[in-house]
Amino acid sequence: MSSADPSAMRPRRFLPAGPLTGTIRVPGDKSISHRSIMLGALAIGETRVTGLLEGEDVLSTAAAMRAMGAQVERTGEGEWRVHGVGVGGLLQPAQALDMGNSGTSTRLLMGLVASHGITASFIGDASLSKRPMGRVIEPLSRMGADFTASPGGTLPLMLRGACPAVPIEYRLPVASAQVKSAVLLAGLNTPGVTTVIEPVPTRDHSERMLRGFGAELEVETDSAGVRTIRIRGEADLKPQVIEVPGDPSSAAFFMVAALVVPGSDLTIENVGLNPTRAGLVEVLRAMGGQIEELNARVVGGEPVADLRVRHSALSGIAVDPALAPSMIDEFPALFVAAALAQGTTVTTGLDELRVKESDRLAVMAAALSAAGARVSESADGLTIAGTGGAPLPGTAGAIATHLDHRIAMSMAVAGLASKAGVEVDDTRPIATSFPQFEALLDGAAR
Ligand code: S3P
């Protein structure tokens with residue numbers, strides 16, 4: 001989001017709507033889109049990408065890579081061409097890199113800059129400027145990079161990269177694919193072997209794609225499931241042709257909408273089902289959701305299927321906290337499903353939700369309560385007593401989204417399954433990850 005001006009906010013009341021039917025296609029995966037541009041920008045030659053997510057977050061990454069010397073151009077809808085500078089070839093940007101709302105752009109690019117002999121400043125919107133960067137500053141400082149951050153280890157910050165950087169062995173203290181990726185990307189231009197130890201597996205797109213681009217990367221998993229990832233630095237990356245699969249985190253809103261709105265029968269095409277991302281499908285099925293996988297195939301090295309989702313009587317469950325990393329962005333949508341299920345849903349182990357684009361535990365508890373749901377908040381989760389399928393009462397005023405796209409989209413879905421509708425204070429943040437969301441929703445739910 002470029003503007004924090006409240007007068008420019010775009011409120012909308014999402015009204016109860018009929019069943020969701022037909023077939024939709026969700027846009028490209030955000031995580032894979034960011035990485036396609038970053039790795040393309042470090043390969044020598046032309047990388048071609050189709051199905052790229054053209055959301056504001058990915059456009060922030062594209063602008064930053066251009067500012068550091070890569071040629072990044074759009075050639076058609078979702079079609080992009082990247083001419084890279086080679087590992088070690090990033091140029092010092094002339095201006096501060098504006099990361100907008102995007103934590104992924106910020107943390108991954110900090111990794112790239114950390115092992116180049118350049119200095120870059122990072123700035124972002126009000127939401128991003130509150131988010132913790134200490135988690136990447138710490139390992140990247142050990143590699144030799146130098147940081148001047150705002151109080152509390154936040155943006156704006158200035159980063160002076162180290163060249164040569166020092167390879168480290170780093171055990172992740174939080175389950176974070178962004179921290180893992182920042183260290184691995186720094187390792188690309190670091191002599192020797194950089195090692196990341198991941199006690200709890202998180203999304204593995206960086207590992208798959210680094211290998212695809214020709215980096216020497218090994219992953220070892222021990223009997224306890226702890227992963228050790230080693231990357232050999234001063235890598236030569238080869239340009240690739242990449243087809244980005246659809247984003248399961250965007251599909252999540254439509255999966256929940258179709259499950260909770262009576263009469264729905266919706267097919268969502270091209271949904272990425274990498275096991276490190278597919279936790280929500282498992283949890284919704286355990287709640288009784290009818291979700292069928294059709295036409296299973298592999299797209300861009302990732303498992304993909306079309307999902308046929310039918311309205312279902314959902315039951316509340318205790319969600320296994322071990323599943324959290326594989327559905328970390330999907331909890332706001334799950335909370336809406338829980339609010340409409342029969343019985344109680346209990347979630348725990350979700351401290352990380354407090355440091356996303358907003359504090360998603362506090363903000364979803366407030367928003368769902370305002371819509372008439374019965375929610376209680378604990379330190380690390382929500383407990384939600386569902387309506388048993390009856391619509392939520394809906395909101396009188398507008399719920400606060402705090403510049404968080406996933407809050408806006410989740411509460412839009414809650415509005416479909418309400419009596420009076422749910423008013424969202426600002427729909428603009430939706431464009432960070434899913435610019436077509438409202439048009440697709442209006443088309444599918446009539
Ligand atoms: C992402 C990792 C996750 C996720 C984010 C995208 C990535 O963040 O929430 O939307 O692309 O690596 P964390 O690493 O903070 O869990």
# chains A, B, ... in the order shown; residues from 1 in each chain; ligands from 1
$ residues_around --residues "region 278-287 of chain A" --least-positions-apart "6" --cutoff "7 Å" --atoms "only C-alpha atoms" --output "PyMOL selection string"
chain A and resi 314-317+323+326-327+330
$ residues_near_ligand --ligand "ligand 1" --cutoff "10 Å" --atoms "only C-alpha atoms and all ligand atoms" --output "ChimeraX atom specification"
/A:29-35,102-105,107-108,131-132,135,174-182,202-206,249,277,324-330,352-353,355-357,406,433
$ residues_around --residues "Gly153 (chain A)" --least-positions-apart "2" --cutoff "6 Å" --atoms "only C-alpha atoms" --output "list in words"
Met133, Gly134, Ala149, Ser150 and Pro151 of chain A
$ write_last_selection --atoms "C-alpha atoms" --output "short mmCIF file (atom, residue, chain, number, x, y, z; two decimals), in the first residue's frame"
data_model
loop_
_atom_site.label_atom_id
_atom_site.label_comp_id
_atom_site.auth_asym_id
_atom_site.auth_seq_id
_atom_site.Cartn_x
_atom_site.Cartn_y
_atom_site.Cartn_z
CA MET A 133 13.33 -7.64 11.01
CA GLY A 134 15.64 -8.72 13.88
CA ALA A 149 17.63 -0.32 11.79
CA SER A 150 14.86 1.70 13.42
CA PRO A 151 14.17 1.06 17.12
#
$ residues_around --residues "region 229-232 of chain A" --least-positions-apart "2" --cutoff "10 Å" --atoms "only C-alpha atoms" --output "VMD selection string"
chain A and resid 167 169 to 170 180 183 to 198 207 210 to 211 215 to 221 226 to 227 234 to 235
$ write_last_selection --atoms "N, CA and C atoms" --output "mmCIF file, in the first residue's frame"
data_model
loop_
_atom_site.group_PDB
_atom_site.id
_atom_site.type_symbol
_atom_site.label_atom_id
_atom_site.label_comp_id
_atom_site.auth_asym_id
_atom_site.auth_seq_id
_atom_site.Cartn_x
_atom_site.Cartn_y
_atom_site.Cartn_z
ATOM 1 N N PRO A 167 30.403 -17.752 5.482
ATOM 2 C CA PRO A 167 29.360 -18.792 5.563
ATOM 3 C C PRO A 167 29.068 -19.140 7.020
ATOM 4 N N GLU A 169 26.515 -21.603 9.910
ATOM 5 C CA GLU A 169 25.527 -22.664 10.112
ATOM 6 C C GLU A 169 24.489 -22.051 11.026
ATOM 7 N N TYR A 170 23.245 -22.034 10.593
ATOM 8 C CA TYR A 170 22.221 -21.305 11.353
ATOM 9 C C TYR A 170 21.026 -22.187 11.621
ATOM 10 N N LYS A 180 14.710 -18.570 6.612
ATOM 11 C CA LYS A 180 15.475 -19.616 5.913
ATOM 12 C C LYS A 180 15.943 -19.112 4.552
ATOM 13 N N VAL A 183 18.778 -16.428 4.511
ATOM 14 C CA VAL A 183 20.128 -16.970 4.740
ATOM 15 C C VAL A 183 20.605 -17.737 3.507
ATOM 16 N N LEU A 184 19.718 -18.533 2.899
ATOM 17 C CA LEU A 184 20.128 -19.290 1.695
ATOM 18 C C LEU A 184 20.478 -18.337 0.552
ATOM 19 N N LEU A 185 19.709 -17.274 0.386
ATOM 20 C CA LEU A 185 19.992 -16.334 -0.704
ATOM 21 C C LEU A 185 21.297 -15.590 -0.434
ATOM 22 N N ALA A 186 21.567 -15.253 0.829
ATOM 23 C CA ALA A 186 22.862 -14.650 1.161
ATOM 24 C C ALA A 186 23.973 -15.644 0.839
ATOM 25 N N GLY A 187 23.698 -16.921 1.090
ATOM 26 C CA GLY A 187 24.689 -17.970 0.833
ATOM 27 C C GLY A 187 25.064 -18.105 -0.630
ATOM 28 N N LEU A 188 24.178 -17.668 -1.527
ATOM 29 C CA LEU A 188 24.453 -17.783 -2.971
ATOM 30 C C LEU A 188 25.746 -17.084 -3.371
ATOM 31 N N ASN A 189 26.027 -15.928 -2.737
ATOM 32 C CA ASN A 189 27.251 -15.193 -3.109
ATOM 33 C C ASN A 189 28.295 -15.231 -1.998
ATOM 34 N N THR A 190 28.244 -16.267 -1.172
ATOM 35 C CA THR A 190 29.193 -16.404 -0.055
ATOM 36 C C THR A 190 30.110 -17.585 -0.362
ATOM 37 N N PRO A 191 31.435 -17.386 -0.270
ATOM 38 C CA PRO A 191 32.319 -18.522 -0.553
ATOM 39 C C PRO A 191 32.082 -19.664 0.441
ATOM 40 N N GLY A 192 32.152 -20.902 -0.019
ATOM 41 C CA GLY A 192 31.970 -22.047 0.877
ATOM 42 C C GLY A 192 30.506 -22.424 1.034
ATOM 43 N N VAL A 193 30.228 -23.179 2.107
ATOM 44 C CA VAL A 193 28.897 -23.771 2.288
ATOM 45 C C VAL A 193 28.161 -23.086 3.432
ATOM 46 N N THR A 194 26.990 -22.571 3.130
ATOM 47 C CA THR A 194 26.112 -21.971 4.144
ATOM 48 C C THR A 194 25.059 -23.011 4.500
ATOM 49 N N THR A 195 24.819 -23.186 5.807
ATOM 50 C CA THR A 195 23.916 -24.247 6.275
ATOM 51 C C THR A 195 22.773 -23.660 7.087
ATOM 52 N N VAL A 196 21.556 -24.096 6.786
ATOM 53 C CA VAL A 196 20.391 -23.713 7.592
ATOM 54 C C VAL A 196 19.791 -24.990 8.163
ATOM 55 N N ILE A 197 19.569 -24.999 9.468
ATOM 56 C CA ILE A 197 18.917 -26.144 10.111
ATOM 57 C C ILE A 197 17.506 -25.723 10.480
ATOM 58 N N GLU A 198 16.562 -26.541 10.003
ATOM 59 C CA GLU A 198 15.162 -26.172 10.147
ATOM 60 C C GLU A 198 14.464 -27.238 10.997
ATOM 61 N N GLU A 207 14.232 -23.822 -1.816
ATOM 62 C CA GLU A 207 15.105 -24.963 -2.070
ATOM 63 C C GLU A 207 14.846 -25.532 -3.474
ATOM 64 N N LEU A 210 16.025 -22.870 -6.165
ATOM 65 C CA LEU A 210 17.482 -22.692 -6.239
ATOM 66 C C LEU A 210 18.104 -23.865 -6.983
ATOM 67 N N ARG A 211 17.630 -25.065 -6.661
ATOM 68 C CA ARG A 211 18.119 -26.249 -7.381
ATOM 69 C C ARG A 211 17.783 -26.173 -8.852
ATOM 70 N N ALA A 215 21.762 -24.148 -8.626
ATOM 71 C CA ALA A 215 22.626 -24.011 -7.445
ATOM 72 C C ALA A 215 22.900 -25.392 -6.862
ATOM 73 N N GLU A 216 24.069 -25.530 -6.226
ATOM 74 C CA GLU A 216 24.394 -26.788 -5.526
ATOM 75 C C GLU A 216 23.758 -26.704 -4.160
ATOM 76 N N LEU A 217 22.666 -27.425 -3.971
ATOM 77 C CA LEU A 217 21.930 -27.355 -2.703
ATOM 78 C C LEU A 217 21.515 -28.760 -2.301
ATOM 79 N N GLU A 218 21.791 -29.108 -1.052
ATOM 80 C CA GLU A 218 21.417 -30.441 -0.550
ATOM 81 C C GLU A 218 20.498 -30.300 0.640
ATOM 82 N N VAL A 219 19.547 -31.221 0.741
ATOM 83 C CA VAL A 219 18.659 -31.233 1.911
ATOM 84 C C VAL A 219 18.715 -32.622 2.534
ATOM 85 N N GLU A 220 18.934 -32.652 3.837
ATOM 86 C CA GLU A 220 18.960 -33.924 4.574
ATOM 87 C C GLU A 220 17.900 -33.837 5.654
ATOM 88 N N THR A 221 17.066 -34.877 5.770
ATOM 89 C CA THR A 221 16.037 -34.856 6.825
ATOM 90 C C THR A 221 16.334 -35.997 7.786
ATOM 91 N N VAL A 226 13.947 -33.089 11.333
ATOM 92 C CA VAL A 226 14.752 -31.850 11.267
ATOM 93 C C VAL A 226 15.482 -31.815 9.924
ATOM 94 N N ARG A 227 15.359 -30.685 9.236
ATOM 95 C CA ARG A 227 15.972 -30.584 7.902
ATOM 96 C C ARG A 227 17.251 -29.767 7.974
ATOM 97 N N GLU A 234 28.968 -18.763 -4.288
ATOM 98 C CA GLU A 234 29.559 -18.292 -5.531
ATOM 99 C C GLU A 234 29.022 -19.160 -6.664
ATOM 100 N N ALA A 235 27.684 -19.303 -6.596
ATOM 101 C CA ALA A 235 26.973 -20.168 -7.540
ATOM 102 C C ALA A 235 26.811 -19.478 -8.893
#
$ closest_residue --among "A:Leu52, A:Leu97, A:Val256, A:Met411" --to "Asp425 (chain A)" --atoms "only C-alpha atoms"
A:Met411
$ residues_around --residues "Thr21 (chain A)" --least-positions-apart "4" --cutoff "8 Å" --atoms "only C-alpha atoms" --output "number ranges by chain"
A: 264-267, 444-445
$ atom_distance --atom1 "CA of Ala341 (chain A)" --atom2 "CA of Gly389 (chain A)"
5.7 Å
$ select_by_dssp --residues "region 62-274 of chain A" --states "strand (DSSP E)" --output "number ranges by chain"
A: 71-76, 79-83, 97-98, 119-123, 146-150, 154-160, 169-171, 193-198, 217-221, 227-232, 241-243, 265-272
$ write_last_selection --atoms "C-alpha atoms" --output "PDB file, in the first residue's frame"
ATOM      1  CA  GLN A  71      16.051  -6.020 -16.589  1.00  0.00           C
ATOM      2  CA  VAL A  72      12.561  -7.046 -15.545  1.00  0.00           C
ATOM      3  CA  GLU A  73       9.773  -6.527 -18.049  1.00  0.00           C
ATOM      4  CA  ARG A  74       6.181  -7.507 -18.553  1.00  0.00           C
ATOM      5  CA  THR A  75       5.487  -8.990 -21.972  1.00  0.00           C
ATOM      6  CA  GLY A  76       1.813  -9.987 -21.529  1.00  0.00           C
ATOM      7  CA  GLU A  79       4.122 -13.051 -18.712  1.00  0.00           C
ATOM      8  CA  TRP A  80       7.448 -11.614 -17.695  1.00  0.00           C
ATOM      9  CA  ARG A  81      11.013 -11.652 -18.930  1.00  0.00           C
ATOM     10  CA  VAL A  82      14.009 -11.182 -16.636  1.00  0.00           C
ATOM     11  CA  HIS A  83      17.604 -10.586 -17.720  1.00  0.00           C
ATOM     12  CA  LEU A  97      13.932   0.273  -1.938  1.00  0.00           C
ATOM     13  CA  ASP A  98      10.210   0.729  -1.278  1.00  0.00           C
ATOM     14  CA  THR A 119      24.445  -0.516   0.528  1.00  0.00           C
ATOM     15  CA  ALA A 120      20.662  -0.357   0.364  1.00  0.00           C
ATOM     16  CA  SER A 121      17.927   1.281   2.419  1.00  0.00           C
ATOM     17  CA  PHE A 122      14.579  -0.446   2.879  1.00  0.00           C
ATOM     18  CA  ILE A 123      11.334   1.404   3.536  1.00  0.00           C
ATOM     19  CA  ASP A 146      26.056  -4.320   8.810  1.00  0.00           C
ATOM     20  CA  PHE A 147      22.634  -2.889   9.724  1.00  0.00           C
ATOM     21  CA  THR A 148      21.278   0.393  10.993  1.00  0.00           C
ATOM     22  CA  ALA A 149      17.634  -0.323  11.795  1.00  0.00           C
ATOM     23  CA  SER A 150      14.862   1.701  13.418  1.00  0.00           C
ATOM     24  CA  THR A 154      12.175  -2.434  12.148  1.00  0.00           C
ATOM     25  CA  LEU A 155      12.078  -0.480   8.874  1.00  0.00           C
ATOM     26  CA  PRO A 156      13.282   1.953   7.738  1.00  0.00           C
ATOM     27  CA  LEU A 157      16.685   0.335   7.840  1.00  0.00           C
ATOM     28  CA  MET A 158      19.993   0.578   6.044  1.00  0.00           C
ATOM     29  CA  LEU A 159      22.002  -2.492   5.140  1.00  0.00           C
ATOM     30  CA  ARG A 160      25.663  -2.519   4.145  1.00  0.00           C
ATOM     31  CA  GLU A 169      25.527 -22.664  10.112  1.00  0.00           C
ATOM     32  CA  TYR A 170      22.221 -21.305  11.353  1.00  0.00           C
ATOM     33  CA  ARG A 171      19.505 -23.085  13.310  1.00  0.00           C
ATOM     34  CA  VAL A 193      28.897 -23.771   2.288  1.00  0.00           C
ATOM     35  CA  THR A 194      26.112 -21.971   4.144  1.00  0.00           C
ATOM     36  CA  THR A 195      23.916 -24.247   6.275  1.00  0.00           C
ATOM     37  CA  VAL A 196      20.391 -23.713   7.592  1.00  0.00           C
ATOM     38  CA  ILE A 197      18.917 -26.144  10.111  1.00  0.00           C
ATOM     39  CA  GLU A 198      15.162 -26.172  10.147  1.00  0.00           C
ATOM     40  CA  LEU A 217      21.930 -27.355  -2.703  1.00  0.00           C
ATOM     41  CA  GLU A 218      21.417 -30.441  -0.550  1.00  0.00           C
ATOM     42  CA  VAL A 219      18.659 -31.233   1.911  1.00  0.00           C
ATOM     43  CA  GLU A 220      18.960 -33.924   4.574  1.00  0.00           C
ATOM     44  CA  THR A 221      16.037 -34.856   6.825  1.00  0.00           C
ATOM     45  CA  ARG A 227      15.972 -30.584   7.902  1.00  0.00           C
ATOM     46  CA  THR A 228      19.549 -29.519   7.200  1.00  0.00           C
ATOM     47  CA  ILE A 229      19.924 -27.449   4.036  1.00  0.00           C
ATOM     48  CA  ARG A 230      23.353 -26.716   2.599  1.00  0.00           C
ATOM     49  CA  ILE A 231      24.066 -24.356  -0.270  1.00  0.00           C
ATOM     50  CA  ARG A 232      27.455 -23.904  -1.934  1.00  0.00           C
ATOM     51  CA  VAL A 241      11.404 -21.071 -18.065  1.00  0.00           C
ATOM     52  CA  ILE A 242       8.948 -21.001 -15.168  1.00  0.00           C
ATOM     53  CA  GLU A 243       5.209 -21.631 -15.067  1.00  0.00           C
ATOM     54  CA  ASP A 265     -20.415 -26.302  -5.912  1.00  0.00           C
ATOM     55  CA  LEU A 266     -17.285 -24.523  -7.107  1.00  0.00           C
ATOM     56  CA  THR A 267     -14.250 -25.726  -9.020  1.00  0.00           C
ATOM     57  CA  ILE A 268     -11.018 -23.841  -8.384  1.00  0.00           C
ATOM     58  CA  GLU A 269      -8.504 -24.618 -11.103  1.00  0.00           C
ATOM     59  CA  ASN A 270      -4.744 -24.810 -10.910  1.00  0.00           C
ATOM     60  CA  VAL A 271      -4.215 -24.815  -7.127  1.00  0.00           C
ATOM     61  CA  GLY A 272      -0.678 -25.494  -5.907  1.00  0.00           C
TER      62      GLY A 272
END
$ select_by_dssp --residues "region 13-130 of chain A" --states "alpha helix (DSSP H)" --output "MDAnalysis selection string"
chainID A and resid 30:40 56:67 103:114
$ closest_residue --among "A:Gly263, A:Pro303, A:Gly289, A:Gly415" --to "Val336 (chain A)" --atoms "only C-alpha atoms"
A:Gly415
$ closest_residue --among "A:Val85, A:Ala365, A:Ala398, A:Val166" --to "Glu46 (chain A)" --atoms "only C-alpha atoms"
A:Val85
$ residues_around --residues "Pro11 (chain A)" --least-positions-apart "3" --cutoff "12 Å" --atoms "only C-alpha atoms" --output "compact mmCIF listing (two decimals) with all heavy atoms, in the first residue's frame"
# COMPACT_ATOMS: atom_id res chain seq x y z
N PRO A 6 -6.21 7.95 5.43
CA PRO A 6 -7.49 7.29 5.70
C PRO A 6 -8.61 7.79 4.77
O PRO A 6 -9.56 7.05 4.51
CB PRO A 6 -7.78 7.65 7.16
CG PRO A 6 -6.64 8.46 7.66
CD PRO A 6 -5.70 8.73 6.55
N SER A 7 -8.48 9.00 4.25
CA SER A 7 -9.56 9.51 3.39
C SER A 7 -9.61 8.75 2.07
O SER A 7 -10.60 8.76 1.35
CB SER A 7 -9.37 11.00 3.12
OG SER A 7 -8.18 11.17 2.41
N ALA A 8 -8.49 8.06 1.74
CA ALA A 8 -8.47 7.31 0.48
C ALA A 8 -8.92 5.87 0.69
O ALA A 8 -8.88 5.07 -0.24
CB ALA A 8 -7.06 7.34 -0.09
N PHE A 14 -19.83 -6.43 2.25
CA PHE A 14 -20.00 -7.70 1.52
C PHE A 14 -21.31 -8.31 1.99
O PHE A 14 -21.45 -8.66 3.16
CB PHE A 14 -18.80 -8.63 1.76
CG PHE A 14 -17.55 -8.13 1.08
CD1 PHE A 14 -16.69 -7.26 1.74
CD2 PHE A 14 -17.26 -8.47 -0.23
CE1 PHE A 14 -15.55 -6.75 1.11
CE2 PHE A 14 -16.12 -7.98 -0.88
CZ PHE A 14 -15.27 -7.12 -0.20
N GLY A 397 -21.17 -1.62 12.06
CA GLY A 397 -20.20 -0.71 11.42
C GLY A 397 -19.19 -1.50 10.60
O GLY A 397 -19.42 -2.66 10.27
N ALA A 398 -18.04 -0.83 10.33
CA ALA A 398 -17.01 -1.49 9.51
C ALA A 398 -15.98 -2.15 10.41
O ALA A 398 -15.61 -1.61 11.45
CB ALA A 398 -16.33 -0.46 8.63
N ILE A 399 -15.50 -3.33 10.01
CA ILE A 399 -14.41 -3.95 10.75
C ILE A 399 -13.08 -3.36 10.25
O ILE A 399 -12.95 -2.95 9.10
CB ILE A 399 -14.41 -5.49 10.65
CG1 ILE A 399 -14.22 -5.96 9.20
CG2 ILE A 399 -15.69 -6.08 11.19
CD1 ILE A 399 -12.87 -6.45 8.90
N ALA A 400 -12.09 -3.33 11.17
CA ALA A 400 -10.79 -2.73 10.84
C ALA A 400 -9.85 -3.80 10.28
O ALA A 400 -9.64 -4.84 10.92
CB ALA A 400 -10.19 -2.11 12.11
N THR A 401 -9.31 -3.53 9.10
CA THR A 401 -8.43 -4.53 8.46
C THR A 401 -6.94 -4.27 8.70
O THR A 401 -6.11 -5.12 8.39
CB THR A 401 -8.66 -4.54 6.93
OG1 THR A 401 -8.62 -3.19 6.48
CG2 THR A 401 -9.99 -5.17 6.59
N ALA A 408 -9.12 -8.60 5.11
CA ALA A 408 -10.19 -8.07 4.24
C ALA A 408 -10.87 -9.21 3.48
O ALA A 408 -12.11 -9.29 3.44
CB ALA A 408 -9.60 -7.05 3.26
N ALA A 412 -14.70 -10.63 3.96
CA ALA A 412 -15.60 -10.60 2.80
C ALA A 412 -16.34 -11.93 2.70
O ALA A 412 -17.56 -11.97 2.46
CB ALA A 412 -14.78 -10.34 1.52
N VAL A 422 -21.17 -7.94 5.97
CA VAL A 422 -20.01 -7.54 6.77
C VAL A 422 -19.34 -6.39 6.05
O VAL A 422 -19.01 -6.49 4.87
CB VAL A 422 -19.02 -8.72 6.95
CG1 VAL A 422 -17.68 -8.23 7.48
CG2 VAL A 422 -19.61 -9.78 7.89
N GLU A 423 -19.17 -5.28 6.78
CA GLU A 423 -18.50 -4.15 6.16
C GLU A 423 -17.03 -4.15 6.53
O GLU A 423 -16.66 -4.24 7.70
CB GLU A 423 -19.16 -2.84 6.58
CG GLU A 423 -18.57 -1.68 5.79
CD GLU A 423 -19.34 -0.37 5.97
OE1 GLU A 423 -20.52 -0.43 6.36
OE2 GLU A 423 -18.73 0.68 5.71
N VAL A 424 -16.20 -4.02 5.50
CA VAL A 424 -14.75 -4.01 5.64
C VAL A 424 -14.31 -2.56 5.44
O VAL A 424 -14.74 -1.91 4.48
CB VAL A 424 -14.17 -4.97 4.57
CG1 VAL A 424 -12.70 -4.77 4.36
CG2 VAL A 424 -14.51 -6.42 4.91
N ASP A 425 -13.45 -2.04 6.33
CA ASP A 425 -13.12 -0.60 6.25
C ASP A 425 -12.32 -0.22 5.02
O ASP A 425 -12.36 0.93 4.57
CB ASP A 425 -12.41 -0.13 7.53
CG ASP A 425 -11.01 -0.74 7.69
OD1 ASP A 425 -10.66 -1.71 6.96
OD2 ASP A 425 -10.25 -0.25 8.56
N ASP A 426 -11.55 -1.18 4.48
CA ASP A 426 -10.66 -0.81 3.38
C ASP A 426 -10.34 -2.06 2.55
O ASP A 426 -9.73 -3.00 3.06
CB ASP A 426 -9.36 -0.23 3.96
CG ASP A 426 -8.53 0.48 2.91
OD1 ASP A 426 -9.00 0.61 1.76
OD2 ASP A 426 -7.41 0.91 3.24
N THR A 427 -10.74 -2.05 1.28
CA THR A 427 -10.45 -3.20 0.42
C THR A 427 -9.16 -3.01 -0.39
O THR A 427 -8.72 -3.93 -1.07
CB THR A 427 -11.60 -3.44 -0.59
OG1 THR A 427 -11.83 -2.21 -1.30
CG2 THR A 427 -12.88 -3.87 0.12
N ARG A 428 -8.53 -1.84 -0.28
CA ARG A 428 -7.33 -1.61 -1.12
C ARG A 428 -6.21 -2.63 -0.87
O ARG A 428 -5.56 -3.06 -1.82
CB ARG A 428 -6.77 -0.20 -0.91
CG ARG A 428 -7.65 0.92 -1.42
CD ARG A 428 -7.11 2.26 -0.98
NE ARG A 428 -6.86 2.27 0.46
CZ ARG A 428 -6.09 3.13 1.09
NH1 ARG A 428 -5.45 4.07 0.42
NH2 ARG A 428 -5.92 3.06 2.39
N PRO A 429 -5.97 -3.05 0.39
CA PRO A 429 -4.84 -3.98 0.60
C PRO A 429 -4.99 -5.30 -0.15
O PRO A 429 -4.00 -6.01 -0.33
CB PRO A 429 -4.85 -4.22 2.11
CG PRO A 429 -5.53 -3.01 2.69
CD PRO A 429 -6.56 -2.61 1.67
N ILE A 430 -6.20 -5.64 -0.58
CA ILE A 430 -6.40 -6.91 -1.30
C ILE A 430 -5.48 -6.97 -2.53
O ILE A 430 -5.01 -8.04 -2.91
CB ILE A 430 -7.89 -7.07 -1.69
CG1 ILE A 430 -8.75 -7.25 -0.42
CG2 ILE A 430 -8.08 -8.23 -2.66
CD1 ILE A 430 -10.25 -7.24 -0.68
$ atom_distance --atom1 "CA of Ser250 (chain A)" --atom2 "CA of Met409 (chain A)"
9.1 Å
$ residues_around --residues "Asp125 (chain A)" --least-positions-apart "2" --cutoff "6 Å" --atoms "only C-alpha atoms" --output "list in words"
Gly100, Asn101, Ser127, Leu128 and Ser129 of chain A
$ closest_residue --among "A:Gly388, A:Pro393, A:Gly343, A:Gly40" --to "Gly214 (chain A)" --atoms "only C-alpha atoms"
A:Gly40
$ atom_distance --atom1 "CA of Arg10 (chain A)" --atom2 "CA of Asp442 (chain A)"
16.6 Å
